[in-house]
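Asker: After the structure tokens below, expect a handful of questions from me.
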2 protein chains.
Amino acid sequence: MNNKPTLHTSLSPALLHLYDLSNSIVVIIDVFRATSTIAAALKNGAKCVIPVDTVPKAIEISKNIGGIAAGERDGRVAEGLEHGNSPLEYGPDFIAGKTLVLTTTNGTRLLHMALDNKADTIISGSFPNLSSVCDFLKKENKNVVLGCAGWKDRFNLEDTLFAGAVISRVKKQFTIHCDSSLMAETMYDKHKKDLVGYAPNLTHYHRLVERFGLIEDIRFCLTADVADVLPQYHDGKLIVK
Amino acid sequence: MNNKPTLHTSLSPALLHLYDLSNSIVVIIDVFRATSTIAAALKNGAKCVIPVDTVPKAIEISKNIGGIAAGERDGRVAEGLEHGNSPLEYGPDFIAGKTLVLTTTNGTRLLHMALDNKADTIISGSFPNLSSVCDFLKKENKNVVLGCAGWKDRFNLEDTLFAGAVISRVKKQFTIHCDSSLMAETMYDKHKKDLVGYAPNLTHYHRLVERFGLIEDIRFCLTADVADVLPQYHDGKLIVK
């Protein structure tokens with residue numbers, strides 16, 4: 001009898017409800033750039049990251065606790081905020097010891113959906129903290145749902161590639177009957193040797209690089225283990241586990 | 001200026017609303033097995049196929065018009081019907097000159113969603129009628145949405161592989177900024193030489209072959225141009241265009 005826990009990949013927030021989250025670890029994946037930024041801020045000493053769904057809420061909470069309000073809408077620093085969603089903004093000199101109150105288009109929304117669907121455990125993942133995510137999943141021995149944030153509910157490849165990277169590292173310990181996961185691993189396997197070289201093919205590359213010039217962000221977000229911590233959600237906050 | 005029409009791939013019925021269908025040809029894709037069966041029945045001389053969403057409706061309509069009521073629920077002939085959803089059931093001796101009233105789990109539902117979303121033109125596609133679909137898309141010069149039926153809103157690979165097959169043949173005539181389409185083409189390109197050999201990796205293979213023994217169905221459904229007609233939806237019916 002096969003007693004391994006299951007692993008599924010949800011390719012869009014609009015598909016998350018199809019999976020049973022109540023007994024699962026849900027990995028929130030928003031590679032460009034929310035979950036990469038969360039990893040960077042926590043790696044660089046932020047006390048915690050508070051993910052919120054609206055700009056006014058980010059402003060209000062950060063005022064109350066003396067935190068840094070940050071976030072993006074449609075890939076730009078949101079109106080009323082001073083800091084955006086670039087992982088490179090949050091070096092140790094700036095963020096150590098502080099609380100980052102972050103609102104983003106897709107990642108924050110997915111996290112709140114996972115909460116609403118009573119996820120057992122929520123962590124955030126991206127290439128910068130790939131190893132920490134995989135180590136945790138292997139250690140916990142629970143069912144896993146890899147939740148891709150996508151872009152306004154559309155499928156995107158960078159989140160899928162990260163899901164594939166996780167699957168390729170942990171699959172021996174899981175039962176995987178899931179076409180999304182098979183596809184994700186295949187796509188990752190095909191492009192893993194040069195993710196940055198593949199990036200110009202992605203829809204988001206055009207938005208981030210051609211419109212906003214964020215090539216250094218792209219490089220950071222596609223590099224494994226450059227901010228290798230495990231952000232876990234607990235009581236409204238992402239903290240290092 | 002680029003005046004080519006656009007092409008997008010919707011990986012699940014739950015994502016179809018993200019695309020503008022009102023100026024588009026929507027290709028309904030349900031490879032295992034609704035759209036393969038539709039192609040087979042029409043190729044073998046069926047007058048038309050009437051897709052309906054419930055079993056009672058299939059029975060009622062077929063009684064009224066002297067048609068063949070057929071359909072599946074969860075991969076089996078639905079209770080109250082005598083014919084299922086195997087393309088091999090609909091040879092010319094049986095189906096020529098008749099009307100097939102078909103209800104299926106995923107494909108019919110997607111077709112009705114496309115109607116509700118005011119699709120400009122609806123056709124059905126599968127490997128058995130791959131060339132007819134591609135020829136039509138190239139000739140019409142309109143925007144295209146490739147609509148994968150999936151399985152109860154989950155992503156599946158066989159529909160995605162067919163989307164990829166279409167994209168690989170028509171892409172020069174379209175503007176494609178769509179990660180789903182890029183992924184579909186990549187997956188198809190990787191497996192096109194032996195789709196039947198790849199099939200045991202697909203979730204549906206287990207259901208159809210291990211539970212129901214339908215390996216010949218799988219072969220038919222993955223073979224290009226064995227029922228090469230163009231079913232187009234018009235006034236409640238799919239007819240050969």
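Following the order of the structure tokens, chains are lettered A, B, ..., residues in each are numbered from 1, and ligands are numbered from 1.
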Residues of chain A within 7 Å of chain B: nearest atom pair and distance (Å, one decimal) for each, counting only C-alpha atoms, sorted by chain and number, as CSV?

Answerer:
```
residue,atom,partner,partner_atom,distance
A:Ala14,CA,B:Ala14,CA,6.7
A:Phe155,CA,B:Ser180,CA,6.2
A:Asn156,CA,B:Asp179,CA,5.5
A:Leu157,CA,B:Asp179,CA,5.9
A:His177,CA,B:Thr203,CA,6.2
A:Cys178,CA,B:Thr203,CA,6.4
A:Asp179,CA,B:Asn156,CA,5.5
A:Ser180,CA,B:Phe155,CA,6.2
A:Leu202,CA,B:Asp179,CA,6.3
A:Thr203,CA,B:His177,CA,6.1
```

Asker: Extract the full set of strand (DSSP E or B) residues from stretch 24-232 of chain A according to DSSP on the backbone, and format it as an NGL selection string.

Answerer: :A and (24-29 or 48-51 or 68-73 or 76-77 or 83 or 99-103 or 121-125 or 143-148 or 151 or 154 or 175 or 231-232)

Asker: Name the closest residue to B:Pro231 among the candidates B:Lys47, B:Lys138, B:Arg73, B:Lys4; distances are taken between atoms, counting only C-alpha atoms.

Answerer: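 Smallest distance to B:Pro231 is found for B:Lys47.
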
Asker: Give me, please, the distance in Å between atom CA of A:Gly67 and atom CA of A:Asp53, quoted to one decimal.

Answerer: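 If I compute the distance from atom CA of A:Gly67 to atom CA of A:Asp53, I get 16.0 Å.
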
Asker: Expressed in Å to a single decimal, how great is the separation between atom CA of B:Lys193 and atom CA of B:Ile38?

Answerer: 24.8 Å

Asker: One number please: atom CA of B:Phe220 to atom CA of B:Ala165, in Å, one decimal.

Answerer: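 Those two atoms sit 15.8 Å apart.
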